[in-house]
file model31.csv (CSV, C-alpha atoms)
chain,number,residue,atom,x,y,z
X,215,MET,CA,74.6,56.7,51.1
X,216,GLY,CA,77.3,54.3,50.4
X,217,SER,CA,75.6,51.0,51.2
X,218,GLY,CA,76.0,49.6,47.6
X,219,LYS,CA,72.4,50.2,46.4
X,220,THR,CA,73.4,50.5,42.8
X,221,SER,CA,75.9,47.7,42.7
X,222,THR,CA,73.7,45.3,44.6
X,223,GLY,CA,70.6,46.4,42.6
X,224,LYS,CA,72.5,45.6,39.4
X,225,ALA,CA,73.6,42.2,40.8
X,226,LEU,CA,70.0,41.4,42.0
X,227,ALA,CA,68.5,42.4,38.7
X,228,ALA,CA,70.9,40.2,36.7
X,229,LYS,CA,70.1,37.2,38.9
X,230,LEU,CA,66.4,37.8,38.5
X,231,GLY,CA,66.6,38.6,34.8
X,232,TRP,CA,64.8,41.9,35.4
X,233,PRO,CA,65.6,45.4,34.3
X,234,PHE,CA,67.5,47.7,36.7
X,235,ALA,CA,67.3,51.4,37.2
X,236,ASP,CA,68.9,53.9,39.6
X,237,LEU,CA,66.6,56.7,40.7
X,238,ASP,CA,69.5,59.2,40.6
X,239,ASP,CA,70.1,58.4,36.9
X,240,LEU,CA,66.4,58.9,36.1
X,241,ILE,CA,66.4,62.2,37.9
X,242,ALA,CA,69.5,63.4,36.0
X,243,GLU,CA,68.0,62.3,32.7
X,244,ASP,CA,64.8,64.1,33.4
X,245,ALA,CA,66.6,67.3,34.5
X,246,GLY,CA,69.2,67.1,31.7
X,247,LYS,CA,72.0,67.8,34.3
X,248,SER,CA,73.9,66.0,37.0
X,249,ILE,CA,72.8,65.5,40.6
X,250,PRO,CA,75.5,68.0,41.8
X,251,GLU,CA,74.3,70.5,39.2
X,252,ILE,CA,70.7,70.1,40.4
X,253,PHE,CA,71.8,70.7,44.0
X,254,GLU,CA,74.0,73.7,43.1
X,255,GLU,CA,71.2,75.4,41.0
X,256,GLY,CA,68.1,74.6,43.1
X,257,GLY,CA,69.2,73.1,46.4
X,258,GLU,CA,67.9,70.0,48.1
X,259,GLU,CA,64.3,71.1,47.8
X,260,ALA,CA,64.4,71.2,44.0
X,261,PHE,CA,66.2,67.9,43.9
X,262,ARG,CA,63.6,66.2,46.2
X,263,ALA,CA,60.8,67.5,43.9
X,264,LEU,CA,62.5,66.0,40.9
X,265,GLU,CA,63.2,62.8,42.8
X,266,LEU,CA,59.5,62.4,43.8
X,267,ASN,CA,58.4,63.0,40.2
X,268,ALA,CA,60.8,60.5,38.8
X,269,LEU,CA,59.8,57.9,41.4
X,270,ARG,CA,56.1,58.5,40.7
X,271,ARG,CA,56.6,58.1,37.0
X,272,TYR,CA,58.8,55.0,37.2
X,273,LEU,CA,56.6,53.1,39.7
X,274,ARG,CA,53.5,53.9,37.7
X,275,SER,CA,55.0,52.7,34.4
X,276,SER,CA,53.8,49.5,32.9
X,277,ALA,CA,56.7,47.2,33.8
X,278,SER,CA,56.0,45.1,36.9
X,279,SER,CA,59.1,43.1,37.6
X,280,ARG,CA,62.2,45.3,38.0
X,281,VAL,CA,64.8,46.5,40.5
X,282,LEU,CA,65.1,50.2,41.4
X,283,ALA,CA,67.9,51.6,43.6
X,284,LEU,CA,66.5,54.6,45.5
X,285,GLY,CA,68.6,57.5,46.7
X,286,GLY,CA,69.7,57.7,50.3
X,287,GLY,CA,67.1,60.3,51.2
X,288,THR,CA,64.2,59.2,49.0
X,289,LEU,CA,62.3,57.5,51.8
X,290,MET,CA,62.4,60.6,54.0
X,291,GLN,CA,59.5,61.9,51.9
X,292,SER,CA,56.2,60.5,53.1
X,293,GLU,CA,54.7,60.3,49.6
X,294,ALA,CA,57.8,58.4,48.4
X,295,ARG,CA,57.3,55.9,51.3
X,296,GLN,CA,53.7,55.5,50.4
X,297,LEU,CA,54.4,54.9,46.7
X,298,VAL,CA,57.1,52.3,47.5
X,299,ARG,CA,54.7,50.5,50.0
X,300,GLU,CA,52.0,50.4,47.3
X,301,SER,CA,54.2,49.3,44.5
X,302,CYS,CA,57.0,47.0,45.5
X,303,LYS,CA,59.1,45.2,48.1
X,304,CYS,CA,61.6,47.5,49.8
X,305,VAL,CA,65.0,46.2,51.0
X,306,TYR,CA,67.1,48.2,53.4
X,307,LEU,CA,70.8,47.7,52.8
X,308,LYS,CA,72.0,48.2,56.3
X,309,ALA,CA,75.5,49.3,57.3
X,310,GLY,CA,77.0,51.2,60.2
X,311,ALA,CA,78.6,54.6,59.9
X,312,PRO,CA,82.2,53.3,60.0
X,313,ALA,CA,81.5,50.9,57.0
X,314,LEU,CA,79.6,53.7,55.1
X,315,TYR,CA,82.6,56.0,55.7
X,316,GLU,CA,85.0,53.4,54.4
X,317,ASN,CA,82.8,52.9,51.3
X,318,LEU,CA,82.4,56.6,50.6
X,319,THR,CA,86.1,57.5,51.0
X,320,TRP,CA,87.1,54.8,48.5
X,321,GLU,CA,88.1,56.7,45.3
X,322,GLY,CA,86.6,60.0,46.6
X,323,GLU,CA,83.0,58.7,46.2
X,324,ALA,CA,81.7,61.2,48.9
X,325,LEU,CA,82.8,64.1,46.7
X,326,LYS,CA,80.2,63.1,44.1
X,327,ARG,CA,77.3,63.4,46.7
X,328,PRO,CA,76.1,66.9,47.5
X,329,LEU,CA,74.7,66.1,50.9
X,330,LEU,CA,78.0,64.7,52.0
X,331,SER,CA,80.3,67.2,50.5
X,332,GLN,CA,78.8,70.2,52.2
X,333,GLY,CA,80.9,69.9,55.4
X,334,LYS,CA,84.4,69.1,56.2
X,335,ASP,CA,83.6,66.3,58.8
X,336,LEU,CA,82.5,63.5,56.5
X,337,ARG,CA,82.4,60.9,59.3
X,338,GLY,CA,80.2,63.2,61.4
X,339,ARG,CA,77.9,64.0,58.4
X,340,ILE,CA,77.4,60.3,57.7
X,341,GLU,CA,76.6,59.6,61.4
X,342,GLU,CA,74.1,62.6,61.4
X,343,LEU,CA,72.3,61.4,58.2
X,344,LEU,CA,72.2,57.8,59.4
X,345,ALA,CA,70.8,58.9,62.7
X,346,MET,CA,68.1,60.9,61.0
X,347,ARG,CA,67.2,58.2,58.4
X,348,GLU,CA,67.7,54.8,60.0
X,349,ALA,CA,64.4,54.5,61.8
X,350,VAL,CA,62.6,55.5,58.6
X,351,TYR,CA,64.5,53.0,56.6
X,352,GLU,CA,63.6,50.2,59.1
X,353,SER,CA,60.0,51.1,59.1
X,354,ALA,CA,59.7,51.3,55.3
X,355,ALA,CA,61.6,48.1,54.5
X,356,ASP,CA,60.1,44.7,54.0
X,357,LEU,CA,63.5,43.4,54.8
X,358,SER,CA,66.7,44.7,56.2
X,359,VAL,CA,70.0,43.1,55.0
X,360,ASN,CA,73.4,43.7,56.6
X,361,VAL,CA,75.8,44.5,53.8
X,362,GLU,CA,79.0,45.2,55.7
X,363,HIS,CA,82.0,43.5,54.2
X,364,LEU,CA,80.0,41.7,51.6
X,365,ALA,CA,80.2,41.8,47.8
X,366,PRO,CA,77.1,43.0,46.0
X,367,GLU,CA,76.6,39.5,44.6
X,368,GLN,CA,76.6,38.0,48.1
X,369,VAL,CA,74.0,40.6,49.2
X,370,ALA,CA,71.9,39.9,46.1
X,371,ASP,CA,71.9,36.2,47.0
X,372,ASP,CA,70.9,36.9,50.6
X,373,ILE,CA,68.0,39.1,49.3
X,374,LEU,CA,66.8,36.4,46.9
X,375,LYS,CA,66.7,33.8,49.7
X,376,ARG,CA,64.9,36.2,52.1
X,377,LEU,CA,62.4,37.2,49.5
X,378,GLU,CA,61.6,33.5,48.9
X,379,ASN,CA,61.0,33.1,52.6
X,380,LEU,CA,58.6,36.1,52.5
X,381,LYS,CA,56.5,34.3,49.9
X,382,GLN,CA,56.1,31.1,52.1
call {"tool": "encode", "arguments": {"input": "model31.csv", "output": "structure tokens"}}
result
Amino acid sequence: MGSGKTSTGKALAAKLGWPFADLDDLIAEDAGKSIPEIFEEGGEEAFRALELNALRRYLRSSASSRVLALGGGTLMQSEARQLVRESCKCVYLKAGAPALYENLTWEGEALKRPLLSQGKDLRGRIEELLAMREAVYESAADLSVNVEHLAPEQVADDILKRLENLKQ
């Protein structure tokens, strides 16, 4: 939801020399349509079913070292949280509502996101979603990284250092 998961994921994958995937891209590829089209035709419930299937398939594929950017609501599904816990390290890219609002209003990014474009009060919708999701993000994450006012490369460097510390 505007924290830079895709940009940071790409930067992290490049630093590690691992493949990168964005779950939204995998969902769109599976469905043969864009995320907004999926929401328009089947609503959030249809999207979440496709999301869980794509996550299941991706995490159970043979590749072991890779970086995957999840969608903002992916971890709200208990099965998705369980799959992530069993398969990988999860990093929460943490930002407050004002920073997320700033990121999402840059170049109309919020208009591309169905759960944000439903209402007229974007700031209020961001605050609402963050309030619903933040505790789940925190509990699911192996690490939380503050991303406010940092470039994706800086965040990726921080993640690498913190992952090294987890190994020790």
call {"tool": "residues_around", "arguments": {"input": "model31.csv", "residues": "Pro233 of chain X", "least_positions_apart": "4", "cutoff": "7 Å", "atoms": "all atoms listed in the file", "output": "PDB file with C-alpha atoms, in the coordinates of the input"}}
result
ATOM      1  CA  ALA X 227      68.500  42.400  38.700  1.00  0.00           C
ATOM      2  CA  ARG X 280      62.200  45.300  38.000  1.00  0.00           C
ATOM      3  CA  VAL X 281      64.800  46.500  40.500  1.00  0.00           C
TER       4      VAL X 281
END
call {"tool": "closest_residue", "arguments": {"input": "model31.csv", "among": "X:Asp239, X:Leu289, X:Ile252, X:Leu226", "to": "Leu377 of chain X", "atoms": "only C-alpha atoms"}}
result
X:Leu226
call {"tool": "closest_residue", "arguments": {"input": "model31.csv", "among": "X:Ala268, X:Ala354, X:Leu273, X:Ala294", "to": "Ala242 of chain X", "atoms": "all atoms listed in the file"}}
result
X:Ala268
call {"tool": "atom_distance", "arguments": {"input": "model31.csv", "atom1": "atom CA of Arg295 of chain X", "atom2": "atom CA of Asp335 of chain X"}}
result
29.3 Å
call {"tool": "residues_around", "arguments": {"input": "model31.csv", "residues": "Met290 of chain X", "least_positions_apart": "2", "cutoff": "7 Å", "atoms": "all atoms listed in the file", "output": "list in words"}}
result
Gly287, Thr288, Ser292, Arg347 and Val350 of chain X
call {"tool": "residues_around", "arguments": {"input": "model31.csv", "residues": "Lys381 of chain X", "least_positions_apart": "6", "cutoff": "12 Å", "atoms": "only C-alpha atoms", "output": "JSON, numbers by chain"}}
result
{"X": [303, 356, 374, 375]}
call {"tool": "atom_distance", "arguments": {"input": "model31.csv", "atom1": "atom CA of Gly338 of chain X", "atom2": "atom CA of Leu307 of chain X"}}
result
20.1 Å
call {"tool": "atom_distance", "arguments": {"input": "model31.csv", "atom1": "atom CA of Leu297 of chain X", "atom2": "atom CA of Glu265 of chain X"}}
result
12.5 Å
call {"tool": "closest_residue", "arguments": {"input": "model31.csv", "among": "X:Ser217, X:Ser275, X:Asn317, X:Ser301", "to": "Asn360 of chain X", "atoms": "all atoms listed in the file"}}
result
X:Ser217
call {"tool": "residues_around", "arguments": {"input": "model31.csv", "residues": "Ala365 of chain X", "least_positions_apart": "5", "cutoff": "10 Å", "atoms": "only C-alpha atoms", "output": "ChimeraX atom specification"}}
result
/X:218,221-222,225,370
call {"tool": "residues_around", "arguments": {"input": "model31.csv", "residues": "Ala260 of chain X", "least_positions_apart": "5", "cutoff": "12 Å", "atoms": "only C-alpha atoms", "output": "PyMOL selection string"}}
result
chain X and resi 241+245+249-255+265-267
call {"tool": "closest_residue", "arguments": {"input": "model31.csv", "among": "X:Tyr306, X:Val298, X:Met215, X:Leu314", "to": "Asp238 of chain X", "atoms": "all atoms listed in the file"}}
result
X:Met215
call {"tool": "closest_residue", "arguments": {"input": "model31.csv", "among": "X:Ile373, X:Leu237, X:Val305, X:Leu336", "to": "Glu352 of chain X", "atoms": "all atoms listed in the file"}}
result
X:Val305
call {"tool": "closest_residue", "arguments": {"input": "model31.csv", "among": "X:Gly246, X:Gly223, X:Pro312, X:Gly231", "to": "Pro366 of chain X", "atoms": "only C-alpha atoms"}}
result
X:Gly223
call {"tool": "build_atoms", "arguments": {"input": "model31.csv", "residues": "segment 222-233 of chain X", "atoms": "N, CA and C atoms", "output": "PDB file, in the frame of the given file"}}
result
ATOM      1  N   THR X 222      74.498  46.470  44.230  1.00  0.00           N
ATOM      2  CA  THR X 222      73.700  45.300  44.600  1.00  0.00           C
ATOM      3  C   THR X 222      72.424  45.242  43.781  1.00  0.00           C
ATOM      4  N   GLY X 223      71.817  46.383  43.467  1.00  0.00           N
ATOM      5  CA  GLY X 223      70.600  46.400  42.600  1.00  0.00           C
ATOM      6  C   GLY X 223      70.928  45.785  41.245  1.00  0.00           C
ATOM      7  N   LYS X 224      72.065  46.136  40.673  1.00  0.00           N
ATOM      8  CA  LYS X 224      72.500  45.600  39.400  1.00  0.00           C
ATOM      9  C   LYS X 224      72.661  44.052  39.486  1.00  0.00           C
ATOM     10  N   ALA X 225      73.316  43.627  40.559  1.00  0.00           N
ATOM     11  CA  ALA X 225      73.600  42.200  40.800  1.00  0.00           C
ATOM     12  C   ALA X 225      72.229  41.447  40.942  1.00  0.00           C
ATOM     13  N   LEU X 226      71.329  42.008  41.720  1.00  0.00           N
ATOM     14  CA  LEU X 226      70.000  41.400  42.000  1.00  0.00           C
ATOM     15  C   LEU X 226      69.217  41.309  40.671  1.00  0.00           C
ATOM     16  N   ALA X 227      69.194  42.394  39.929  1.00  0.00           N
ATOM     17  CA  ALA X 227      68.500  42.400  38.700  1.00  0.00           C
ATOM     18  C   ALA X 227      68.999  41.373  37.699  1.00  0.00           C
ATOM     19  N   ALA X 228      70.308  41.233  37.635  1.00  0.00           N
ATOM     20  CA  ALA X 228      70.900  40.200  36.700  1.00  0.00           C
ATOM     21  C   ALA X 228      70.511  38.823  37.148  1.00  0.00           C
ATOM     22  N   LYS X 229      70.493  38.547  38.444  1.00  0.00           N
ATOM     23  CA  LYS X 229      70.100  37.200  38.900  1.00  0.00           C
ATOM     24  C   LYS X 229      68.644  36.914  38.646  1.00  0.00           C
ATOM     25  N   LEU X 230      67.815  37.945  38.692  1.00  0.00           N
ATOM     26  CA  LEU X 230      66.400  37.800  38.500  1.00  0.00           C
ATOM     27  C   LEU X 230      66.009  37.841  36.973  1.00  0.00           C
ATOM     28  N   GLY X 231      66.924  38.398  36.158  1.00  0.00           N
ATOM     29  CA  GLY X 231      66.600  38.600  34.800  1.00  0.00           C
ATOM     30  C   GLY X 231      65.648  39.780  34.556  1.00  0.00           C
ATOM     31  N   TRP X 232      65.689  40.735  35.467  1.00  0.00           N
ATOM     32  CA  TRP X 232      64.800  41.900  35.400  1.00  0.00           C
ATOM     33  C   TRP X 232      65.600  43.140  35.049  1.00  0.00           C
ATOM     34  N   PRO X 233      64.923  44.172  34.540  1.00  0.00           N
ATOM     35  CA  PRO X 233      65.600  45.400  34.300  1.00  0.00           C
ATOM     36  C   PRO X 233      66.004  46.123  35.599  1.00  0.00           C
TER      37      PRO X 233
END
